[in-house]
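A.B. asks: Dropping in target.tsv, with TSV, C-alpha atoms.
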chain	number	residue	atom	x	y	z
Q	864	MET	CA	0.00	0.00	0.00
Q	865	ARG	CA	1.67	3.16	-1.16
Q	866	ASN	CA	0.33	6.49	-0.02
Q	867	THR	CA	1.33	9.88	-1.29
Q	868	PHE	CA	0.42	13.44	-0.41
Q	869	SER	CA	-1.34	15.11	-3.30
Q	870	ARG	CA	0.59	18.33	-2.81
Q	871	ASN	CA	3.72	16.25	-3.34
Q	872	LEU	CA	2.49	15.37	-6.80
Q	873	SER	CA	2.03	18.90	-8.04
Q	874	ARG	CA	4.43	19.80	-10.85
Q	875	LYS	CA	5.66	16.23	-11.19
Q	876	LYS	CA	6.50	15.05	-14.69
Q	877	VAL	CA	4.40	12.36	-16.30
Q	878	MET	CA	6.33	9.75	-18.25
Q	879	SER	CA	5.11	6.81	-20.30
Q	880	THR	CA	6.41	3.28	-19.80
Q	881	ASP	CA	8.24	3.57	-23.13
Q	882	GLY	CA	10.29	6.51	-21.86
Q	883	MET	CA	8.41	9.43	-23.40
Q	884	VAL	CA	7.82	12.53	-21.29
Q	885	ILE	CA	4.13	13.32	-21.70
Q	886	GLY	CA	3.84	16.46	-19.62
Q	887	THR	CA	3.45	17.94	-16.17
Q	888	ILE	CA	0.66	17.16	-13.73
Q	889	ARG	CA	-1.73	20.03	-13.08
Q	890	ASN	CA	-4.55	18.52	-11.09
Q	891	ILE	CA	-6.19	15.27	-9.99
Q	892	MET	CA	-9.85	14.49	-10.57
Q	893	VAL	CA	-11.61	12.63	-7.76
Q	894	ASP	CA	-15.11	11.48	-6.95
Q	895	PHE	CA	-15.74	13.02	-3.52
Q	896	LYS	CA	-18.60	10.64	-2.83
Q	897	SER	CA	-16.66	7.39	-3.18
Q	898	GLY	CA	-13.21	8.85	-2.64
Q	899	GLU	CA	-12.09	7.32	-5.90
Q	900	VAL	CA	-9.29	8.93	-7.89
Q	901	THR	CA	-10.45	8.99	-11.51
Q	902	ASP	CA	-8.05	11.00	-13.66
Q	903	LEU	CA	-4.86	12.99	-13.73
Q	904	VAL	CA	-5.01	16.35	-15.47
Q	905	VAL	CA	-1.76	16.76	-17.40
Q	906	LYS	CA	-0.40	19.73	-19.28
Q	907	PRO	CA	1.23	18.08	-22.30
Q	908	GLU	CA	4.77	18.87	-23.43
Q	909	GLN	CA	4.93	20.98	-26.57
Q	910	ASN	CA	6.42	18.20	-28.68
Q	911	PHE	CA	3.96	15.56	-27.48
Q	912	ASP	CA	1.43	14.57	-30.14
Q	913	THR	CA	-1.94	14.73	-28.40
Q	914	SER	CA	-4.10	13.86	-31.41
Q	915	ASN	CA	-4.81	10.31	-30.22
Q	916	TYR	CA	-5.76	11.23	-26.67
Q	917	ALA	CA	-8.74	12.63	-24.79
Q	918	ILE	CA	-8.02	16.32	-24.49
Q	919	GLU	CA	-10.09	19.14	-23.02
Q	920	GLY	CA	-8.86	22.61	-23.86
Q	921	ASP	CA	-5.12	22.28	-23.46
Q	922	LYS	CA	-5.31	19.63	-20.73
Q	923	LEU	CA	-4.83	15.93	-21.21
Q	924	PHE	CA	-6.94	13.58	-19.08
Q	925	VAL	CA	-5.12	10.41	-18.05
Q	926	PRO	CA	-7.29	7.76	-16.36
Q	927	PHE	CA	-5.80	6.68	-13.05
Q	928	GLU	CA	-5.89	3.03	-14.14
Q	929	ALA	CA	-3.05	3.83	-16.53
Q	930	VAL	CA	-0.78	4.90	-13.66
Q	931	LYS	CA	1.92	2.31	-13.07
Q	932	ASP	CA	3.93	3.96	-10.31
Q	933	ILE	CA	4.64	7.29	-8.69
Q	934	ARG	CA	8.14	8.09	-7.50
Q	935	ASP	CA	10.28	10.86	-8.98
Q	936	TYR	CA	8.13	10.63	-12.07
Q	937	ILE	CA	4.57	9.53	-12.59
Q	938	VAL	CA	4.83	6.54	-14.91
Q	939	VAL	CA	1.77	5.79	-17.03
Q	940	ASP	CA	1.03	3.20	-19.69
Q	941	ARG	CA	0.02	5.40	-22.61
Q	942	TYR	CA	-1.48	2.48	-24.55
Q	943	LEU	CA	-4.14	2.22	-21.85
Q	944	PHE	CA	-5.56	5.65	-22.61
Q	945	SER	CA	-4.80	6.33	-26.27
Q	946	ARG	CA	-7.73	6.12	-28.67
Q	947	LYS	CA	-5.83	3.92	-31.12
P	1353	MET	CA	-19.46	13.75	-9.90
P	1354	LYS	CA	-15.85	14.41	-10.70
P	1355	SER	CA	-14.11	17.29	-9.01
P	1356	ALA	CA	-10.56	18.60	-8.90
P	1357	ILE	CA	-8.61	17.66	-5.80
P	1358	THR	CA	-7.36	21.24	-5.42
P	1359	GLU	CA	-10.93	22.32	-4.62
P	1360	MET	CA	-10.54	20.47	-1.33
P	1361	PHE	CA	-7.52	22.42	-0.14
P	1362	GLY	CA	-8.54	24.93	2.50
P	1363	MET	CA	-12.03	23.48	2.95
P	1364	HIS	CA	-13.39	23.65	6.48
P	1365	VAL	CA	-14.03	20.33	8.20
P	1366	TYR	CA	-17.03	19.93	10.49
P	1367	THR	CA	-18.53	16.92	12.23
P	1368	ASP	CA	-22.18	15.97	11.77
P	1369	LYS	CA	-22.79	17.57	15.19
P	1370	ALA	CA	-21.68	20.89	13.65
P	1371	VAL	CA	-18.39	20.97	15.55
P	1372	TYR	CA	-15.51	22.63	13.72
P	1373	VAL	CA	-12.49	20.31	13.35
P	1374	GLY	CA	-10.01	22.18	11.12
P	1375	ASP	CA	-9.08	22.99	7.54
P	1376	VAL	CA	-7.99	20.56	4.81
P	1377	ASP	CA	-4.28	20.99	4.25
P	1378	ASP	CA	-3.54	18.02	2.00
P	1379	VAL	CA	-5.12	14.90	0.56
P	1380	ILE	CA	-3.37	11.54	0.93
P	1381	ILE	CA	-3.87	9.22	-2.02
P	1382	ASN	CA	-3.50	5.46	-1.98
P	1383	VAL	CA	-1.81	4.89	-5.34
P	1384	ASP	CA	-2.43	1.14	-5.51
P	1385	GLY	CA	-6.02	1.37	-4.36
P	1386	LYS	CA	-6.73	4.43	-6.57
P	1387	LYS	CA	-8.56	6.02	-3.68
P	1388	ILE	CA	-8.30	8.90	-1.28
P	1389	GLU	CA	-6.80	7.41	1.87
P	1390	SER	CA	-7.22	10.29	4.26
P	1391	LEU	CA	-7.30	14.06	4.62
P	1392	ALA	CA	-4.53	15.93	6.37
P	1393	VAL	CA	-6.25	18.55	8.50
P	1394	SER	CA	-4.49	21.46	10.17
P	1395	ASN	CA	-5.55	24.72	11.84
P	1396	LEU	CA	-7.32	22.49	14.34
P	1397	ASN	CA	-10.01	23.30	16.82
P	1398	ARG	CA	-8.01	23.39	20.07
P	1399	GLU	CA	-11.02	22.53	22.17
P	1400	LEU	CA	-11.40	19.27	20.31
P	1401	ILE	CA	-7.83	18.16	19.79
P	1402	GLU	CA	-4.93	18.99	22.02
P	1403	LEU	CA	-1.81	19.72	19.99
P	1404	LYS	CA	1.39	18.30	21.35
P	1405	ASN	CA	4.26	17.86	18.91
P	1406	PHE	CA	2.27	17.77	15.72
P	1407	LYS	CA	0.68	20.27	13.40
P	1408	GLY	CA	-2.34	18.36	12.20
P	1409	ILE	CA	-4.27	15.12	12.11
P	1410	LYS	CA	-5.13	12.62	9.43
P	1411	ILE	CA	-8.81	11.90	8.98
P	1412	PRO	CA	-9.52	8.54	7.30
P	1413	TYR	CA	-11.77	8.91	4.27
P	1414	ARG	CA	-14.20	6.27	5.53
P	1415	ILE	CA	-15.52	8.58	8.27
P	1416	ILE	CA	-16.21	11.35	5.77
P	1417	LEU	CA	-19.91	11.74	5.13
P	1418	ALA	CA	-20.04	14.48	2.51
P	1419	VAL	CA	-17.87	16.93	0.62
P	1420	GLY	CA	-19.45	20.09	-0.73
P	1421	ASP	CA	-18.72	23.63	0.34
P	1422	VAL	CA	-17.35	22.10	3.55
P	1423	VAL	CA	-16.34	18.58	4.59
P	1424	ILE	CA	-18.65	16.76	7.01
P	1425	ILE	CA	-17.21	13.88	9.02
P	1426	ARG	CA	-18.80	11.48	11.47
P	1427	HIS	CA	-18.81	12.76	15.01
P	1428	LEU	CA	-16.84	10.15	16.91
P	1429	VAL	CA	-17.02	10.72	20.64
P	1430	GLY	CA	-13.68	10.32	22.35
P	1431	SER	CA	-11.90	9.21	19.20
P	1432	PHE	CA	-9.95	12.35	18.49
P	1433	GLU	CA	-7.16	11.52	20.90
P	1434	LYS	CA	-6.39	8.36	18.97
P	1435	LYS	CA	-6.22	10.00	15.59
P	1436	GLU	CA	-3.13	12.10	16.17
P	1437	ASP	CA	-0.31	11.43	13.76
Translate the structure described by the file into structure tokens.

C.D. replies:
Amino acid sequence: MRNTFSRNLSRKKVMSTDGMVIGTIRNIMVDFKSGEVTDLVVKPEQNFDTSNYAIEGDKLFVPFEAVKDIRDYIVVDRYLFSRK
Amino acid sequence: MKSAITEMFGMHVYTDKAVYVGDVDDVIINVDGKKIESLAVSNLNRELIELKNFKGIKIPYRIILAVGDVVIIRHLVGSFEKKED
């Protein structure tokens, strides 16, 4: 069971399992009723191609199921949330 | 209903007996369980919790009843001494 303070996560970089830097975390979406963490709100890097991903405005929504681990970086499996 | 976690920061925490507990300082996430584990609450009500060598308490998410403009938790008589962290 790994716990982390959410303020600790602010400004952390989000990296995919294949070594690509996706962007920087901006916020976390939660369901207050169940306490479930649903998505990460990520500001994508300029050179990251966002065309295959769910994007709202300039923010990328990464479902929390795609998160593999959180240490110095937040590692996500980008195949779990791409549309292709 | 999905909400941003930053909305919680600074929210006032009350019990269901309308007793002020403190303000939300941070939210602790269980990464494996994909859930909010607890709330870190500071600026505590001194009449409720005696501060010794700590700044705040952790409130487990299971005793939280509702989150809206404020956070409402279950009023647990005599349990506040045990919750110091």

A.B. asks: List the spatial neighbours of range 1364-1379 of chain P as a list in words - criterion: any atom at most 8 Å away, all atoms listed in the file, same-chain residues fewer than 5 positions off excluded.

C.D. replies: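 Skipping anything fewer than 5 positions along the chain leaves Phe868, Ser869 and Arg870 of chain Q; Ile1357, Ile1388, Glu1389, Ser1390, Leu1391, Ala1392, Val1393, Ser1394, Asn1395, Leu1396, Asn1397, Leu1400, Val1422, Val1423, Ile1424, Ile1425, Arg1426 and His1427 of chain P.
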
A.B. asks: Within 7 Å of chain P, which residues belong to chain Q? Use only C-alpha atoms and report them as a PyMOL selection string.

C.D. replies: chain Q and resi 864-870+890-896+898-900+927

A.B. asks: Kindly provide, as number ranges by chain, the polymer residues lying within 12 Å of (5.5, 19.5, -27.4), counting all atoms listed in the file and using the coordinates exactly as they appear in the file.

C.D. replies: Q: 883-887, 906-914, 921

A.B. asks: So, counting only C-alpha atoms, which residue among Q:Asp902, Q:Glu928, Q:Glu919, Q:Asp935 is closest to Lys875 in chain Q?

C.D. replies: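 Of all the options, Q:Asp935 lies closest to Lys875 in chain Q.
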
A.B. asks: Could you check how far CA of Asp932 in chain Q sits from CA of Tyr916 in chain Q, in Å to one decimal?

C.D. replies: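 Going from CA of Asp932 in chain Q over to CA of Tyr916 in chain Q, I get 20.4 Å.
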
A.B. asks: Work out how far apart CA of Asn915 in chain Q and CA of Val877 in chain Q are and give it in Å to one decimal.

C.D. replies: 16.8 Å

A.B. asks: With 3 Å of padding per side, what axis-aligned box (centre and edge lengths, Å, one decimal) covers all the listed atoms of range 865-877 of chain Q? Give it as lines of an AutoDock Vina configuration file.

C.D. replies:
center_x = 2.6
center_y = 11.5
center_z = -8.2
size_x = 13.8
size_y = 22.6
size_z = 22.3

A.B. asks: Just how far from CA of Pro926 in chain Q is CA of Arg941 in chain Q, in Å to one decimal?

C.D. replies: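 That distance, rounded to one decimal, is 9.9 Å.
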
A.B. asks: Quick one: of Q:Ile937, Q:Tyr942, Q:Thr901, Q:Arg889, who's nearest to Leu923 in chain Q, counting all atoms listed in the file?

C.D. replies: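 Answer, going by the shortest atom-to-atom distance: Q:Arg889.
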